[in-house]
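Right, one structure below, let's go through it.
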Amino acid sequence: NGNNNPVKDETEIIDSPTIEIPALNDLEENVINIDLIDENSDKAFKSFFSGNEEDENVEKSINNKKITIAAILSALVIAVIGGVFLFKSFLYVPEVPVPSLLGRSEEEAKKLIEDLGLVFKVSKREYSSEYDEGYVMEQSIDEGSKVKENYPIEVVISRGEKEIVVPNLIGKYAIEAGGILNNAGLSEGETTEENSDTYLAGQIIDQYPLPNTPARENDKVSYVVSIGPKIIYVKMPNVLNLNLETAKLSIVQHGLAVGQVNEEPSEEIEKGLVMRQSITADQEVEQGTSIWLTVSSGKPEEPDEPTPEEGVFPLAISLPADRDSVSIVIQRIASDGREVVYSEEVDTSEGNILVNVKGKGTGIFEIYIDNELYDRVEITFE
C-alpha cells in the first residue's frame with residue numbers, strides 16, 4: 001500500500017484468569033469441596049469477561065473461608081471418630097475360656113487359673129469320698145464358659161475322706177439307731193431279729209461292723225434286735241381238790257409260778273383243798289405264768305341273830321323342894337346284877353329333870369334320890 005508503517009498483528013494476546021486452588025498438603029486430614037472449586041472457576045471466567053476485578057477478589061475471599069471451614073469440620077469429624085475407636089480399645093478387656101479344674105491339685109489349678117489372667121480363690125474345704133485331699137472338687141464357673149481377665153474363679157478343695165468310728169449300738173433300742181448312725185455320718189443297713197434272754201425286746205444285741213471300728217462316710221451298719229426270751233408253752237396241771245402244798249408243787253414242776261392264794265367257804269369242798277384255779281387244766285400257757293388259787297375255808301358259819309339296836313327313853317324325875325341339891329342315881333336291873341346308868345348331883349331349883357336312858361328290849365330301872373329309892377319303872381325300848 002506504499003505505507004512504511006509496520007503491519008500490526010490484529011490478534012491480541014489475552015491473559016487467562018488465574019484460579020487459586022488451596023494446597024492439599026494432607027489428603028487424609030482435609031476435605032475438598034469440588035462444588036466450591038467449580039463454582040469458583042465459573043465466577044473467574046465471568047469476572048474476566050465482565051472486567052469486574054474487585055467483585056472477583058471479594059468472592060474469592062469468601063470461597064477461601066468456606067473451604068477453610070470445611071477443612072476444619074472434616075478434621076474434627078475424623079478426630080472424633082478416631083477418639084471413639086481409641087476409647088473403645090482402651091476399655092476392651094479380652095475374654096478367657098475357663099478350663100476344667102476338677103480333679104486337679106490345688107497348686108496346679110491355681111497356676112493354671114493365674115496363667116490365664118484370672119483370680120484363683122478357695123471358697124471352702126469339704127470332706128469328699130470321691131476326691132483325694134488337696135484336690136479341686138467343685139468350681140464356681142463351668143468349663144468352657146468365657147469370663148474377662150481378672151475374674152475370680154472360686155473352688156472347693158477336698159479334705160479327703162472323713163474319718164468315722166462306728167458307734168456302739170449294743171444295748172440301745174432299735175428306735176434310736178437311725179439317729180445315732182446319721183449323726184456319725186453312717187446309714188442303717190439290714191435289721192434282723194433274734195430271741196435273747198439278756199436283752200429286752202427292742203434292744204440291739206449285735207451289730208456289724210463292730211463298735212469302734214473305722215468306716216467310710218455313708219457306710220451301712222447292720223444290727224440284730226432282741227425279741228425277748230424264747231417263749232415256751234406248757235400245759236396247765238389239774239390241781240383241784242388237792243391240798244394247797246401239793247397244788248403248789250405241781251404248778252412249779254410244770255414250769256409255772258404260784259400267784260395269789262385266796263380262801264372262800266364251801267359247802268362241798270373240804271377245808272384246805274383247792275376249789276378253783278385261774279387257768280383251766282390242760283390249757284397251754286406261756287412258761288412262767290402265775291397261777292392263782294382259791295382254797296376252801298370249810299363250811300360257812302351260821303350267821304348270828306341280829307342284835308337289836310339300843311333305844312332311848314326320856315325318864316322324867318320330880319325333884320324335892322326341901323333341899324337345894326340332891327344326888328340322883330339310876331340303876332338298870334338285870335338277871336346278872338345291877339348297872340348304874342346315871343349318877344349326878346342335881347340343883348333342885350329346876351323342879352324337874354329329864355334323863356335319857358338307853359337300852360334294848362324291856363328293862364327295869366330304879367331311881368334313887370340321896371340314896372333313897374324314889375321310883376321303880378319298867379321301860380320298853382323301841
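Following the order of the C-alpha cells, first chain is A, next is B, and so on, with residues numbered from 1 inside each chain and ligands from 1 in the order they appear.
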Applying 6 Å and only C-alpha atoms, which residues near A:Glu284 remain after dropping the ones on its own chain fewer than 4 positions away? List them as a list in words.
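These residues fall inside the cut-off: Tyr233, Val234 and Lys235 of chain A.
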Preceding selection exported with N, CA, C and O atoms as a PDB file, in the first residue's frame:
ATOM      1  N   TYR A 233     -44.315-122.931 125.727  1.00  0.00           N
ATOM      2  CA  TYR A 233     -45.667-123.162 126.230  1.00  0.00           C
ATOM      3  C   TYR A 233     -45.725-124.501 126.963  1.00  0.00           C
ATOM      4  O   TYR A 233     -45.115-125.486 126.537  1.00  0.00           O
ATOM      5  N   VAL A 234     -46.454-124.508 128.086  1.00  0.00           N
ATOM      6  CA  VAL A 234     -46.636-125.736 128.885  1.00  0.00           C
ATOM      7  C   VAL A 234     -48.122-125.921 129.166  1.00  0.00           C
ATOM      8  O   VAL A 234     -48.903-124.963 129.071  1.00  0.00           O
ATOM      9  N   LYS A 235     -48.486-127.158 129.528  1.00  0.00           N
ATOM     10  CA  LYS A 235     -49.884-127.437 129.860  1.00  0.00           C
ATOM     11  C   LYS A 235     -50.133-127.197 131.339  1.00  0.00           C
ATOM     12  O   LYS A 235     -49.325-127.553 132.185  1.00  0.00           O
TER      13      LYS A 235
END
Go through stretch 123-330 of chain A and collect every residue that DSSP, computed from the backbone, puts in strand (DSSP E); the answer should be as number ranges by chain.
A: 123-126, 136-139, 146-148, 152-158, 164-165, 187-194, 204-208, 214-215, 220-226, 233-235, 257-264, 274-277, 284-286, 290-296, 311-318, 325-330
What are the closest atom pairs, with distances in Å to one decimal, for all residues of stretch 210-318 of chain A lying within 12 Å of stretch 362-367 of chain A? Consider only C-alpha atoms, order rows by chain and residue number, and present the result as a Markdown table.
| residue | atom | partner | partner_atom | distance |
| --- | --- | --- | --- | --- |
| A:Pro308 | CA | A:Thr362 | CA | 11.6 |
| A:Glu310 | CA | A:Thr362 | CA | 10.7 |
| A:Gly311 | CA | A:Thr362 | CA | 10.1 |
| A:Val312 | CA | A:Thr362 | CA | 11.6 |
| A:Phe313 | CA | A:Gly363 | CA | 10.9 |
| A:Leu315 | CA | A:Ile367 | CA | 9.8 |
| A:Ala316 | CA | A:Ile367 | CA | 10.5 |
| A:Ile317 | CA | A:Ile367 | CA | 8.5 |
| A:Ser318 | CA | A:Ile367 | CA | 11.0 |
Determine the nearest neighbour of A:Leu169 from the options A:Arg338, A:Ile333, A:Tyr151, A:Val225, counting only C-alpha atoms.
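Using only C-alpha atoms, A:Leu169 sits closest to A:Val225.
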Option closest in space to A:Ala257, from A:Val274, A:Ile279, A:Ile269, A:Val166 [counting only C-alpha atoms]
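Among the listed residues, A:Ile279 lies closest to A:Ala257.
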Give me, please, the distance in Å between atom CA of A:Gly144 and atom CA of A:Val119, quoted to one decimal.
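Spanning atom CA of A:Gly144 to atom CA of A:Val119 is a straight-line distance of 16.3 Å.
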Just want the 10 Å neighbourhood of A:Ile175, counted on only C-alpha atoms, with same-chain residues fewer than 5 positions away dropped. Output as a VMD selection string.
chain A and resid 180 202 to 204
Could you save the residues just selected, with C-alpha atoms, as a compact mmCIF listing (two decimals), in the first residue's frame?
# COMPACT_ATOMS: atom_id res chain seq x y z
CA ILE A 180 -27.14 -92.32 116.19
CA GLY A 202 -36.48 -103.95 121.08
CA GLN A 203 -32.89 -103.68 122.27
CA ILE A 204 -29.94 -104.21 119.91
Using only C-alpha atoms, pick whichever of A:Asn150, A:Thr380, A:Gln253, A:Gln207 has the shortest atom-to-atom distance to A:Lys172.
A:Gln207
